[in-house]
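One structure is given here, and the rest of the page talks about it.
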Amino acid sequence: MRVHHRNRSLVKWIRQVLTNIGSLKTKLLLSFCMLFALSLIVGRAGSFMGWHRHSTELKFPSSRGGYTVLINTWRRNSVLKQSVAHYASCSSVDAIRVVWSENNPPSESLKAYLRKSVRSKAKSNHKPDFRFDLNEQDNLNNRFKPIEGLRTDAIFSIDDDVVVPCSTLEFAFSVWQSAPYSMVGFVPRMHWVDTKSADAIRYKYGGWWSVWWMGTYSMVLSKAAFFHQKYLEMYTYHMPASIQEYVSRERNCEDIAMSFLVANATGAPPVWVKGKLFEIGSSGISSLKGHSQRRNECLNDFVSLYGYMPLVASNFNAVNVQYEWFW
Ligand SMILES: *[C@@H]1O[C@H](CO)[C@@H](O)[C@H](O)[C@H]1NC(C)=O
């Protein structure tokens, strides 16, 4: 009887602690929101009252509504069909652009199929603008070529075999709108200092498990991330040509190159949004052997090319409380 009673009060106590933690987190979150709103108001008021900050900060034009989904595809038409149909159904999608990197252009039947699919899946009156961006050469730098006729500042860069649910995507877009110079994405990675290396500082590429375990990251991969369209221009025209050549020669690490570029431009870490992703089709390149060794090499080679390590680590992650039942 007594034990039973004590158990019950223990359960009660645990419950209470959990609710306290819950409300503490809610309070923290609320104060963050309020701080953010305050900084917005102050920022707006500042420009309204004619104060101008003179700084060397990046100045991008303010963001227009919606975002463009930039799908990188390669010889997987069935996967591409599923992915286009999915993103056409998400509400803030202004346009869907498919980066095509093959000798032969997409067939008329594929084009017709995809156009029809976009028209029928779109939920709102606003049908996303659908187009291919054709490249004859298979080059990983293609995915970051500036896009003609772009109407949004926000780019959502995605591999053709990764599906992010619309609600998760909307949440990440709202996070990006509050930090438009940052990369905001779903796949975090980390650069760890290699403690085994005796001489100069060497870095090791930290995959999913190390990030999950430590909670620290410094990159979000462009296989599923929002970033400002200006970075496409910077990648293609202002990033050192040696890095583009490296990516094209090694057929790898365009995502690490983009992370370096944004980190070097902002001096800030990216933002990791926690959310479930779904992979369609066969397994990607990351499961291939020797992948992590090549990623380590990219990290260290880019550090030599930059002359320093621009990546900044962070522990922050954004979680959509609406969909998270347990904090
Ligand atoms: C890093 O950023 C600085 C300042 O914006 C710029 O001058 C430099 O060229 C960038 N470095 C690389 C390697 O892109």
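As shown in the structure tokens, the chain order sets the letters A, B, ...; within each chain, residues go from 1, and ligands are also counted from 1 in the order they appear.
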
- Query: Could you list, as a list in words, all the residues within 7 Å of ligand 1, counting only C-alpha atoms and all ligand atoms?
  - Reply: His238, Met239, Pro240, Leu261, Asn264, Ala265, Leu305 and Tyr306 of chain A

- Task: Give me the residues within 10 Å of A:Arg249 as number ranges by chain, counting only C-alpha atoms and dropping any in the same chain fewer than 6 places off.
- Result: A: 139-140, 243

Output file for the selection above: N, CA and C atoms, as an mmCIF file, in the first residue's frame:
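Below you can see part_8.cif, which holds the result:
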```cif
data_model
loop_
_atom_site.group_PDB
_atom_site.id
_atom_site.type_symbol
_atom_site.label_atom_id
_atom_site.label_comp_id
_atom_site.auth_asym_id
_atom_site.auth_seq_id
_atom_site.Cartn_x
_atom_site.Cartn_y
_atom_site.Cartn_z
ATOM 1 N N ASN A 139 27.510 18.497 -64.165
ATOM 2 C CA ASN A 139 28.473 19.179 -63.307
ATOM 3 C C ASN A 139 27.731 19.594 -62.043
ATOM 4 N N LEU A 140 28.295 19.251 -60.892
ATOM 5 C CA LEU A 140 27.588 19.539 -59.638
ATOM 6 C C LEU A 140 27.392 21.037 -59.382
ATOM 7 N N ILE A 243 37.583 26.644 -56.394
ATOM 8 C CA ILE A 243 36.630 25.808 -55.652
ATOM 9 C C ILE A 243 35.622 25.162 -56.604
#
```

- Shell of 12 Å around A:Val211, only C-alpha atoms, local chain residues under 3 positions omitted, as a ChimeraX atom specification: /A:187-192,205-208,214-220,272,313-317

Just the strand (DSSP E) stuff from stretch 144-198 of chain A, please, per backbone DSSP, written as a compact mmCIF listing (two decimals) with all heavy atoms, in the first residue's frame.
```txt
# COMPACT_ATOMS: atom_id res chain seq x y z
N ALA A 154 13.71 33.77 -51.82
CA ALA A 154 13.94 32.50 -51.12
C ALA A 154 14.04 31.35 -52.11
O ALA A 154 13.17 31.17 -52.97
CB ALA A 154 12.82 32.24 -50.13
N ILE A 155 15.11 30.59 -51.97
CA ILE A 155 15.30 29.37 -52.76
C ILE A 155 15.22 28.20 -51.79
O ILE A 155 15.86 28.22 -50.73
CB ILE A 155 16.71 29.34 -53.38
CG1 ILE A 155 16.96 30.54 -54.28
CG2 ILE A 155 16.97 28.03 -54.09
CD1 ILE A 155 16.31 30.43 -55.62
N PHE A 156 14.42 27.20 -52.14
CA PHE A 156 14.50 25.96 -51.37
C PHE A 156 15.18 24.93 -52.25
O PHE A 156 14.62 24.47 -53.24
CB PHE A 156 13.11 25.47 -50.93
CG PHE A 156 13.20 24.19 -50.14
CD1 PHE A 156 13.87 24.16 -48.93
CD2 PHE A 156 12.65 23.01 -50.62
CE1 PHE A 156 13.99 22.97 -48.20
CE2 PHE A 156 12.75 21.83 -49.90
CZ PHE A 156 13.43 21.82 -48.69
N SER A 157 16.42 24.61 -51.89
CA SER A 157 17.22 23.69 -52.68
C SER A 157 16.99 22.27 -52.17
O SER A 157 17.08 22.01 -50.98
CB SER A 157 18.69 24.11 -52.53
OG SER A 157 19.54 23.09 -52.97
N ILE A 158 16.71 21.36 -53.11
CA ILE A 158 16.32 20.01 -52.68
C ILE A 158 16.78 18.96 -53.70
O ILE A 158 16.76 19.22 -54.90
CB ILE A 158 14.78 19.96 -52.46
CG1 ILE A 158 14.31 18.62 -51.89
CG2 ILE A 158 14.02 20.28 -53.74
CD1 ILE A 158 14.42 18.51 -50.42
N ASP A 159 17.22 17.82 -53.21
CA ASP A 159 17.53 16.70 -54.10
C ASP A 159 16.21 16.08 -54.57
O ASP A 159 15.23 16.08 -53.82
CB ASP A 159 18.34 15.63 -53.36
CG ASP A 159 19.81 15.99 -53.26
OD1 ASP A 159 20.18 17.07 -53.77
OD2 ASP A 159 20.58 15.22 -52.68
N VAL A 162 14.29 13.63 -52.12
CA VAL A 162 13.98 13.98 -50.74
C VAL A 162 12.65 14.73 -50.69
O VAL A 162 12.46 15.70 -51.42
CB VAL A 162 15.09 14.85 -50.10
CG1 VAL A 162 14.76 15.17 -48.66
CG2 VAL A 162 16.44 14.14 -50.20
N VAL A 163 11.76 14.25 -49.85
CA VAL A 163 10.45 14.87 -49.71
C VAL A 163 10.30 15.44 -48.30
O VAL A 163 10.49 14.74 -47.31
CB VAL A 163 9.32 13.86 -50.00
CG1 VAL A 163 7.98 14.36 -49.49
CG2 VAL A 163 9.24 13.59 -51.50
N VAL A 184 18.99 27.82 -43.97
CA VAL A 184 18.07 27.21 -43.01
C VAL A 184 17.71 25.84 -43.58
O VAL A 184 17.11 25.76 -44.65
CB VAL A 184 16.80 28.08 -42.86
CG1 VAL A 184 15.76 27.36 -42.01
CG2 VAL A 184 17.14 29.44 -42.25
N GLY A 185 18.12 24.78 -42.90
CA GLY A 185 17.91 23.48 -43.52
C GLY A 185 17.68 22.34 -42.55
O GLY A 185 17.71 22.52 -41.33
N PRO A 188 21.80 18.65 -40.85
CA PRO A 188 22.97 19.30 -40.24
C PRO A 188 24.23 18.44 -40.31
O PRO A 188 24.16 17.21 -40.24
CB PRO A 188 22.53 19.48 -38.79
CG PRO A 188 21.62 18.32 -38.54
CD PRO A 188 20.93 18.02 -39.85
N ARG A 189 25.36 19.10 -40.45
CA ARG A 189 26.66 18.43 -40.41
C ARG A 189 27.63 19.30 -39.61
O ARG A 189 27.39 20.47 -39.43
CB ARG A 189 27.21 18.22 -41.83
CG ARG A 189 26.38 17.26 -42.69
CD ARG A 189 26.49 15.83 -42.19
NE ARG A 189 25.71 14.90 -43.00
CZ ARG A 189 24.50 14.47 -42.69
NH1 ARG A 189 23.88 14.90 -41.60
NH2 ARG A 189 23.87 13.61 -43.47
N MET A 190 28.74 18.68 -39.18
CA MET A 190 29.68 19.41 -38.32
C MET A 190 31.12 19.22 -38.80
O MET A 190 31.46 18.18 -39.37
CB MET A 190 29.51 18.90 -36.88
CG MET A 190 30.45 19.51 -35.87
SD MET A 190 30.21 21.31 -35.69
CE MET A 190 31.63 21.70 -34.66
N HIS A 191 31.94 20.22 -38.57
CA HIS A 191 33.39 20.05 -38.79
C HIS A 191 34.03 19.89 -37.42
O HIS A 191 33.97 20.77 -36.59
CB HIS A 191 33.98 21.27 -39.51
CG HIS A 191 33.99 22.52 -38.69
ND1 HIS A 191 32.85 23.25 -38.41
CD2 HIS A 191 35.01 23.17 -38.07
CE1 HIS A 191 33.17 24.29 -37.65
NE2 HIS A 191 34.47 24.27 -37.42
N TRP A 192 34.55 18.71 -37.16
CA TRP A 192 35.22 18.47 -35.88
C TRP A 192 36.71 18.63 -36.07
O TRP A 192 37.24 18.29 -37.12
CB TRP A 192 34.93 17.04 -35.38
CG TRP A 192 33.50 16.72 -35.19
CD1 TRP A 192 32.73 15.90 -35.97
CD2 TRP A 192 32.63 17.21 -34.15
NE1 TRP A 192 31.44 15.84 -35.48
CE2 TRP A 192 31.35 16.63 -34.37
CE3 TRP A 192 32.81 18.06 -33.06
CZ2 TRP A 192 30.26 16.89 -33.54
CZ3 TRP A 192 31.72 18.31 -32.23
CH2 TRP A 192 30.47 17.74 -32.47
N VAL A 193 37.39 19.12 -35.01
CA VAL A 193 38.85 19.18 -35.06
C VAL A 193 39.36 17.76 -34.85
O VAL A 193 38.95 17.07 -33.93
CB VAL A 193 39.40 20.14 -33.98
CG1 VAL A 193 40.92 20.06 -33.94
CG2 VAL A 193 38.94 21.56 -34.25
```

- Message: Nearest residue to A:Ile147 out of A:Val319, A:Met309, A:Leu221, A:Ile96, using only C-alpha atoms?
- Response: A:Ile96

- Query: Taking only C-alpha atoms into account, which of A:Ala172, A:Val164, A:Ala224, A:Ala112 comes nearest A:Asn72?
  - Reply: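 Among the listed residues, A:Ala224 lies closest to A:Asn72.
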
- Message: Excluding A:Leu114 and its own-chain neighbours fewer than 3 positions away, which residues fall within 8 Å of it when counting only C-alpha atoms? Please give them as a PyMOL selection string.
- Response: chain A and resi 81+84-85+110-111+117-118

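We find atom CA of A:Asp133 and atom CA of A:Pro146 to be spaced 10.0 Å apart.
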
- Item | Separation of atom CA of A:Ser109 from atom CA of A:Thr68, in Å and rounded to one decimal |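 Atom-to-atom, atom CA of A:Ser109 to atom CA of A:Thr68, that is 23.5 Å.
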
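Comparing A:Asp160, A:Cys298, A:Ser259, A:Phe132 by their smallest distance to A:Ser78, the closest is A:Asp160 (using only C-alpha atoms).
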
- Kindly give the distance, in Å, that separates atom CA of A:Lys127 and atom CA of A:Tyr67, rounded to a single decimal. 12.8 Å

- Message: Using only C-alpha atoms, which protein or nucleic acid residues come within 10 Å of A:Asn320? Drop anything in the same chain fewer than 4 positions from it, and give the result as a PyMOL selection string.
- Response: chain A and resi 167-168+171-172+175+273-275+324-325

Could those residues be written to a file, using N, CA and C atoms, as a JSON list (two decimals), in the first residue's frame?
```json
[["chain", "number", "residue", "atom", "x", "y", "z"],
["A", 167, "SER", "N", 3.88, 21.12, -44.33],
["A", 167, "SER", "CA", 3.79, 21.89, -43.09],
["A", 167, "SER", "C", 5.17, 22.17, -42.52],
["A", 168, "THR", "N", 6.07, 21.19, -42.62],
["A", 168, "THR", "CA", 7.45, 21.36, -42.16],
["A", 168, "THR", "C", 8.16, 22.42, -42.99],
["A", 171, "PHE", "N", 7.05, 25.92, -42.07],
["A", 171, "PHE", "CA", 7.68, 26.35, -40.82],
["A", 171, "PHE", "C", 9.12, 26.79, -41.10],
["A", 172, "ALA", "N", 9.85, 25.99, -41.87],
["A", 172, "ALA", "CA", 11.25, 26.34, -42.18],
["A", 172, "ALA", "C", 11.32, 27.64, -42.97],
["A", 175, "VAL", "N", 11.09, 30.44, -40.61],
["A", 175, "VAL", "CA", 12.37, 30.61, -39.93],
["A", 175, "VAL", "C", 13.35, 31.36, -40.85],
["A", 273, "VAL", "N", 16.61, 23.22, -38.79],
["A", 273, "VAL", "CA", 15.20, 23.02, -38.44],
["A", 273, "VAL", "C", 14.98, 21.52, -38.31],
["A", 274, "LYS", "N", 14.47, 21.10, -37.15],
["A", 274, "LYS", "CA", 14.21, 19.68, -36.95],
["A", 274, "LYS", "C", 12.90, 19.31, -37.63],
["A", 275, "GLY", "N", 12.92, 18.26, -38.37],
["A", 275, "GLY", "CA", 11.70, 17.82, -39.03],
["A", 275, "GLY", "C", 11.96, 16.53, -39.76],
["A", 324, "GLU", "N", 5.12, 19.15, -32.30],
["A", 324, "GLU", "CA", 5.99, 18.40, -31.39],
["A", 324, "GLU", "C", 5.20, 18.12, -30.13],
["A", 325, "TRP", "N", 4.85, 16.88, -29.89],
["A", 325, "TRP", "CA", 3.99, 16.61, -28.73],
["A", 325, "TRP", "C", 4.78, 16.46, -27.47]]
```

- Report as a ChimeraX atom specification: the residues of stretch 103-240 of chain A with a DSSP assignment of alpha helix (DSSP H), based on the backbone of this structure. /A:108-121,166-178,208-214,230-233
